[in-house]
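Enquirer: This is the structure, below, for whatever I ask next.
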Amino acid sequence: ACGSKSSSTSSSKQTANLTQNAELPTMDISKSTDVVSSNMLNNTNEGLYRIGKNGSITPGIAKATKVSNGGKTYTFTLRKNAKWSNGDKVTAHDFVYGWQRTVNPKTASQYAYLYSGIKNADQIVNGKKAVSTLGIKAEGDYKLVVTLDKPISYFKKLMGFVNFFPQNEKVVKKYGSKYGTTSSAMVYNGPYKMTGWTGTNLSWTLKKNNDYWDKKSVKMSSLKFQVVKDASTGLNLYNSNKVDDTILSSTQVKNYKTNKDYKVYKTASTFYIEMNRNDSNKTLAKAFKNKKIRQALSLAINRKEYVSSTLGDGSTVAKGYVSEDLAKNSKTGKDFTSDASVPSAVEYNQAKAKKLFKEGLKEIGETKLNIKLLSDDTDAGKKATEYIQGSWEKLPGLTVTNQNVPFKTRLSRSESGNFDTVISAWNADFTDPISFLSLFTSSNSYNNGKYSSSEYDSLINKANGSDANNTTARWNDMVKAEKQLMNDQGVIPIYQQATSHLTRTSLKGIIYNTAGSQYNYKYMSVK
Amino acid sequence: MVENPNNIEINPGDFAPLDKQAGPDKEKIAAPSLTFGQDVWRRLKANKTAFVSFIVLLLLFLMAFGGQALYHHDPNAQAPKYANLPPKIPGVNIHGLNGHITQSGQDVDAYKQAGASSSVHYVLGTDYLGRDLLARIMYGTRISLEIALIATLIDLTIGVGLGILSGWKGGRVDIFIQRIIEILSSIPSLVVMVLMATAFTKTGMASIIAALALINWTTMARLTRAQTLQLKNQDFILAARTLGESAPKIAWKHLLPNLSSVIIIQTMFTIPNAIFFEAFLSYIGIGISSPQASLGTLISDGQKNFQFLPYQMWYPAAVLIILMLAFNLLGDGLRDAFDPKSKR
Amino acid sequence: MPDERKKILEVHHLKQYFNVGKKDEVRAVDDVSFDIYEGETFGLVGESGSGKTTCGRAIIRLYDPTDGEIIFNGKDISKLKGKKEMHEFRREMQMIFQDPYASLNPRMKVKDIVAEGIDIHGLAKDDADRTKQVEDLLETVGLNKDHSSRYPHEFSGGQRQRIGIARALAVEPKFIIADEPISALDVSIQAQVVNLMKELQVKQNLTYLFIAHDLSMVKYISDRIGVMHYGKILEIGPADEVYGHPLHDYTKSLISAVPVPDPEFERNRKQVAYDETAEMDGKKRRMVEIAPGHFVRAAEDEVAMYTQRAVDAGLITE
Amino acid sequence: MENPENVIEVRNLEINFHTYAGEVKAIRDVSFDLRKGETLAIVGESGSGKSVTTRSLMGLLAPNAEIKKGSIMFHGDDIIKKSEKEMQHIRGKDIAMIFQDPMTSLDPTMRIGMQIAEPLMKHKGLKKKEAIAQALEMLKLVGITNPEGRINDYPYQFSGGMRQRIVIAIALVCYPEVLIADEPTTALDVTIQAQILDLMKDLQNRIDTSIIFITHDLGVVAGMADRVAVMYAGKIVEYGTVDEIFFNPQHPYTWGLLNSMPTLDTEGGSLSAIPGTPPDLLDPPVGDAFAARSDYAMKIDTQQEPPFFKVSDTHYAATWLLHPDAPKVTPPAEIVRRQQKFAAMQKPEAPIKSDTKE
Amino acid sequence: MATATFFLMKLMPGTPLQNEAKLTASEKASILAQYGLDKPVWLQYITYIVGIFHGSLGLSFQFSDQAVSYLIGSRMGPSMQLGAQALVVGVIFGIILGAIGAIKKDTWADRLATILSILGIAVPSFVLAILFQYYVGLKLGWFPVAGWSGFAYTVLPTLALAASPLAETARFIRTDMVDVLSSDYIELAKAKGLSKFGIVYHHALRNSLIPMVTLIGPLAAALMTGSMVVENIFSVPGIGEQFVKSILVNDYPTIMGVTIFYSALLCVLLLLTDIVYGIIDPRIRLSGNGD
Ligand SMILES: Nc1ncnc2c1ncn2[C@@H]1O[C@H](COP(=O)(O)OP(=O)(O)OP(=O)(O)O)[C@@H](O)[C@H]1O
Ligand SMILES: Nc1ncnc2c1ncn2[C@@H]1O[C@H](COP(=O)(O)OP(=O)(O)OP(=O)(O)O)[C@@H](O)[C@H]1O
Ligand SMILES: [Mg+2]
Ligand SMILES: [Mg+2]
């Protein structure tokens, strides 16, 4: 009925109405942790680089980059025409200030750990060294020198991440604790600037930033955002032409899969089951150390059925532990997951599962197991536990008790090892497999299930150390590590998360990445 | 008006004095003897709405607590293959009951789509894990009722106890209890419940029941207190006191029976209230945890798919609404039935 | 003459205030003194709110008196200590209530209502004895045993009042306070209850404190009458004297207002007005025995006037 | 109209109530007249049908009531046949009513001036201001001191007696032809009662209304009534002038009533009660309803309903004792005393023997 | 009240860490110090209580650097507007429905009114909101589906919210009016010859409406409950919506703040209704204390 009133699809206007499914909690670059703020910051601000299609690195404030000292020193030359929306020039000092602010323990940035590897960053974060000792220097207004403790192969990609964006000291000081709490207590150097955000409201607008150095590439005059938490509401809004994009829930997906507006956005986020090898229940600890039992538990899960009939939100069967579409082999262009594929680790074979389970039980001298399955009490968590419980209980001798607890309880329980099995999820912070793989080294504190393999450890060490500057060798190290983990069935991957959207086909040029700053609207347009 | 009653036939002996013993009983009570309960029952039966509600409630209770005996389906048995199948009753060919569903604007046979053989049919369809919705509704109704009944029982005990104490003792005890009630009722009940439910790290029946009981007793206490204050000065209570009856005995023998109507009526409103709040908590995501189900979780699961699988919301919602209606109407009816003013 | 008889109850300067110290303090009974002799009926009359009920309830210890002494059978019951003494006292003094509808628990059977006192004081040997006692009591008050398993609402007002009397009699009290036992009843039924009470008084040697505002009935049943007004007793005397020759102006006014079932009398009735401000002049007043056994609440300077009235009425000879 | 003097003529009225237990035959063949300017008192036990009778005159019976039979003629029109709308024009204007409890019969949230003015605005079409002015006059008339200062007060600010005066003011403000007072003083103290009764008499003289006065206090009847109707179990059992009823009663129930009331002269021991309780109207007894409680009951009383026997032109009683064949009985002593007094009063004229009939 | 909330909150597994899964222990510690959560609980408590008296409710966990008081302040408007509108709509129609029920007692009109009013209680507000949104908003297209920019946007949430006050009011008025209608002064009004309408309008309604004032408090409390889901479904930037979110993300300074705000609001409302009741009920206006 409202079709005629449609405000957005007319091509002359170059505006669009988009939705977000959560509030915007902050616009403070140092404090952004969530998807919404990182999307908004990524489109209203710009760092040394901007992440483009397929995770590619496209120009940002840096005009030229020089890597030296075995990959430990980066010298960036900044473009002179970059300006803040208040008219100030964007200078190297803004980067120095921004970075120092983020690692400063007083700022309490929750992403300061990403700076790890930059000289002195870890010590500064832990309050052991002065902020000024951070390995970043401004040489004049337009030259920036960054010193690393050790080579970081994905360092350039990090520069596209919002926490590494420059910050205007004058503005930060001016607003003090109010900085980034409303759209006006903020300054922008990116393609758009934000208006209409009071800090707590549910709608705001991104307007084209006329001070942006590359403003000629920006086609959209404004992007209106509205927070819609309820999926049905979102769909209703979409169908009444009030918005041009909405996230679909699983049943909605079923009904809109064939729609021309339907799109799936994969996330670099894998859901997997960890088994506690240090379980206080000795029988279970023994069981989880038994590979056959681990494999049986994996084989018993029909991931395809789960993803399609139960979850149904566009998520896909996990190809392995590292998620798909995260990184590509620079030579062959093949996805990491296909290079490192171990099909048996994610396959469904009930007969085999039963057989292995029986053998496994025999090996550890048990006839019955009673496992608790821990997860959070979110919708996804509940669905997963219910489904897996159903699948596992088909294995003779296995009973499963579900424990759905609040998210934070789940975290603290998995960290303290107070669980039998837990459904965990990991999101990559940046588009490199190492973001996943470093988790399961023996000493990592997020290795909740205490997977331990010296081979795996040394492969990861190599990737981070000796092979850091050798793209191919590093790639091969990581592939091997993933294969090792999967062959051991160290964890049981279930699915890779995705979100399904309805997006008007008239919206063009939205760049999406599975990790990091996911949405880039710089080149967006309405046709 | 007869002035000269000659037309009346008089028989000899008519004017003989009447034998008192044989004559009519002058202390006779003509109406049949009805106990209070019988009287209420009679008046309840006369109130058609309330009586129908009573029967409906009876049926719902039977379904919830005895339904499994007739309908042997495990409410937790999953058949993911058959997830989200619409209702199908063999032999019925009405859209919505024949296993067909409108998908992307087209009418499709969901059972065929799921590859179900012709013998597969779910009377009220299935949910996202292919669980039988009818079984789950029966199960959910039971859980909802259990929560409501236990919570109500608890606040009955607390509320009536404290209400009587407060009203009977008066003075400082009364003031103290009144303060507590005031404080508790100055916090919106849902907020308290939410706080309680979240404070218990594990949400589940116990925490919901505790939360419900904590909140609802205040109403009960207020009502019983007011009633006790009234009764306290009634002559029959004074009479018991002049006879030397002890306070606890008076409470038990005189107050409680006379409070019973208030209590029963209030219970009729507390139970649906509890059911409702449980549903509400489930809706905002802090209710009963899976695989347990309550009407609230069922509705809240169902509403997510309302546009495409409306039956998933409608059926549990219908049960909830009928429950609420029945309890409320019965409560209204009982109030009328108990009301001495509506005697006869 | 009256002094030879035994005083069963002596009330000295009884005060019963409500909400003491608060803004809405009520002095319901304010310095009331009177005696009641064994076997007599003492009538208490006065207009609504004058404190009759409060007085009765204070005596039977439903209230804790604010001040004063209540001596019953030689014991000061305003200072009763302990459960046991109280328990004993509860057997000796009983009460009949005004409202026959409110005084019986609607949820109890008649037999349980009547037996309540029997149960509390353990007066029945066994169940059969209890039943027998209840049936006897019902018969005493003119009801039959078929009525014992019915509920109060099935009875008429007069019948209910008789059940109330049976309940009071169950513990074999010596003293009964009857708080307007007939004012809610029909005229014809009133007589039934009054007759029953008189009959019982003789048979069981009861003493009554009979509260009412119906003067003609009080006069009929009472040996002596006290007239209350604003929490104070203004006049006490033998029933005939108070009724026939009232000394206090208030009593006069009260009596002149009583309608009499005699059209001729009514046609000639003159109502005497009473100026109640006369009571409030702040003078100190006390009960003065104007004629033998006839007291009036008077200030010192009023005694002469009352004495003169008594002389005029022929109550005393100067 | 049989008699132009009559304002209201009730004939053979029968009213039943439908209840769960059956039909309550509340009014069983009641007939009476109300004459212009007189006060007719209806006395009788609780539940004898006094209120129901009078409420039927107002058309204000409970919804479960059914008028089985009879007519109520008001100026030649049958009230029973009138519609609700028509009745609204009669109520408050031609026939007004006072209720028993002054504490609850005033609207607690409305100023009393307005409450008095309401009928004027409704029936006389007066503007609010005029109506209030008249209400003020009325307040003066019923003896409220400082009426100007109190006309804007709310009911709770008045004592019970004052409130009853206000209720009377409301009833009389339109100068109705008939005033029905249903136990107007039962809830009041004797002194206040005396004042209210005086007021009513006074007002009756001034505005010349007929009053139907309901009470069960025979003392009040003696003071107020011109004529008296005695009701028992839904029937009028005796009616006559006030002197006839009090000094020459014929029905054993009237005897019982008079006998059970102590008077100033009653000596101890001579009070005699009517035994038993009134019959349940769910199942009225055959014959004379009073028979079960009467000491003078005869066999015929349990078989046939007694018709009205004429005692004098104004005095009728429904008891078989008046039948010529009935044995002579001696009424209770008190009644004999009253009858003697009556005889003395009648001396100047020819004595009418009480037990004769035409 | 604040105390109870505070200690209840302490039982909750809530920290301001959004990114907890990826932080090391020492990083967490330094962030907690920012929020003063490293101090002993009693000290936190004192700080909190002192803060309340200075009008401060602490900082939100969810919105970094956002004062809870600001959050509440900026979200109050829409909630208040919806609440007020729903109250007005609910109460007015509730009175009408209740009065019809009472006047036409035991007729089909009464039954219909009763069922309607009980439905208002029986149908959970979230179900109602969804139905409204889908059928009235989307299918009929009469009002915007969701959002908050202008009066048209308030219509559906107001209606969804109004159901419960409507129902409560209707039931209250009906019961009360049935009582009033059987009272002596209504008898007297009938005896005055007033028409049915006159009786209801001049006497019954006024006497039933006065006690109605005391219902406002509970109604408002019920509205707060309803607003939580209704605002969520209609994407209204109100407090209720925020409260639910805060619960789900364990943002306990906000939960506490909103709780305190709600309670304060309710207290003020109760106080206000008490005062108003005193003013409009002549029985207690002058005597100071009613009986
Ligand atoms: N519990 C109480 N608290 C406060 N005031 C009281 C209480 N009981 C009685 N009163 C007041 O004390 C006064 C005397 O009351 P009481 O009931 O004794 O009068 P009464 O003579 O029995 O009147 P009635 O004839 O109406 O029964 C009245 O003003 C009454 O309001
Ligand atoms: N609405 C009703 N439904 C059933 N029975 C009724 C109803 N109204 C009156 N009655 C019965 O009708 C009979 C006469 O009642 P009525 O009120 O006229 O008595 P009354 O003489 O006025 O008594 P009282 O002196 O108590 O006022 C009683 O038996 C009563 O129970
Ligand atoms: Mg009294
Ligand atoms: Mg009556």
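Chain labels run A, B, ... following the order of the structure tokens; each chain numbers its residues from 1, and ligands are numbered from 1 in the order shown.
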Counting only C-alpha atoms, which residues from chain C have an atom at most 6 Å from any atom of chain B, and could you show them as a PyMOL selection string?
Expert: chain C and resi 87+90+102-105+117
Enquirer: Mind the document's chain letters and residue numbers, and return as a list in words the residues of stretch 389-424 of chain A that DSSP labels alpha helix (DSSP H).
Expert: Gln389, Gly390, Ser391, Trp392, Phe407, Lys408, Thr409, Arg410, Leu411, Ser412, Arg413, Ser414 and Glu415 of chain A
Enquirer: Considering only C-alpha atoms, return as a list in words whatever protein or nucleic-acid residues lie within 10 Å of D:Leu281, sequence-local ones (same chain, fewer than 2 positions apart) excluded.
Expert: Ala30 of chain B; Asn16, Phe17, Glu23, Val24, Lys25, Ala26, Ile27, Arg28, Gly47, Ser48, Gly49, Ala233, Gly234, Pro278, Pro279, Asp283, Pro284, Pro285 and Ala289 of chain D
Enquirer: Which residue, A:Gly381, A:Gly360, A:Gly60, A:Gly180, has the smallest gap to chain B when you use only C-alpha atoms?
Expert: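 Going through A:Gly381, A:Gly360, A:Gly60, A:Gly180 one by one, the smallest distance to chain B is for A:Gly381.
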Enquirer: Which residues are near ligand 3 - at most 9 Å, using only C-alpha atoms and all ligand atoms? Format: as JSON, numbers by chain.
Expert: {"C": [48, 49, 50, 51, 52, 53, 54, 56, 98, 179, 180, 211, 212, 213]}
Enquirer: Which neighbours of stretch 304-321 of chain D fall inside 6 Å, counting only C-alpha atoms, when residues of the same chain fewer than 3 positions from it are skipped, and could you give them as a compact mmCIF listing (two decimals) with C-alpha atoms, in the first residue's frame?
Expert:
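Contents of selection_31.txt, freshly written:
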# COMPACT_ATOMS: atom_id res chain seq x y z
CA VAL B 2 -65.39 -9.18 51.23
CA GLU B 3 -67.78 -7.39 53.47
CA VAL D 237 -54.77 -8.26 57.95
CA GLU D 238 -56.47 -5.29 59.55
CA TYR D 239 -56.99 -1.68 58.79
CA GLY D 240 -58.82 1.21 60.38
CA HIS D 251 -56.94 -9.42 64.58
CA GLY D 287 -55.58 -20.38 55.35
CA ASP D 288 -54.66 -17.74 57.86
CA ILE D 300 -60.71 -23.21 59.77
CA ASP D 301 -57.65 -21.00 59.99
CA ALA D 326 -66.96 -18.24 65.74
Enquirer: Excluding C:His248 and residues on its chain fewer than 6 positions from it, collect all residues at most 8 Å away from it, counting only C-alpha atoms, and give them as a list in words.
Expert: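 Listing them by chain and then by number gives Leu234, Glu235, Val296 and Tyr306 of chain C.
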Enquirer: Counting only C-alpha atoms, figure out which residue out of A:Tyr387, A:Tyr188, A:Tyr456, A:Phe419 gets nearest to chain B.
Expert: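 Using only C-alpha atoms, chain B sits closest to A:Tyr387.
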Enquirer: Which one is closest to chain B: D:Gln193, D:Asn152, D:Asn12, D:Gln88? Count only C-alpha atoms.
Expert: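 Between D:Gln193, D:Asn152, D:Asn12, D:Gln88, the residue approaching chain B most closely is D:Asn12.
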Enquirer: Collect all residues with atoms no farther than 8 Å from ligand 4, counting only C-alpha atoms and all ligand atoms, and output them as a count of residues only.
Expert: 9
Enquirer: Go through E:Gly278, E:Gly193, E:Gly94, E:Gly150 and flag the residue nearest chain D, using only C-alpha atoms for the distances.
Expert: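 Counting only C-alpha atoms, the residue closest to chain D is E:Gly193.
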Enquirer: So what do you get for atom CA of D:Ala222 versus atom CA of D:Asp243, distance-wise?
Expert: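 Atom CA of D:Ala222 sits 8.3 Å away from atom CA of D:Asp243.
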Enquirer: When you draw a straight line from atom CA of D:Asp217 to atom CA of D:Val43, how long is it in Å?
Expert: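 Atom CA of D:Val43 lies at a distance of 7.5 Å from atom CA of D:Asp217.
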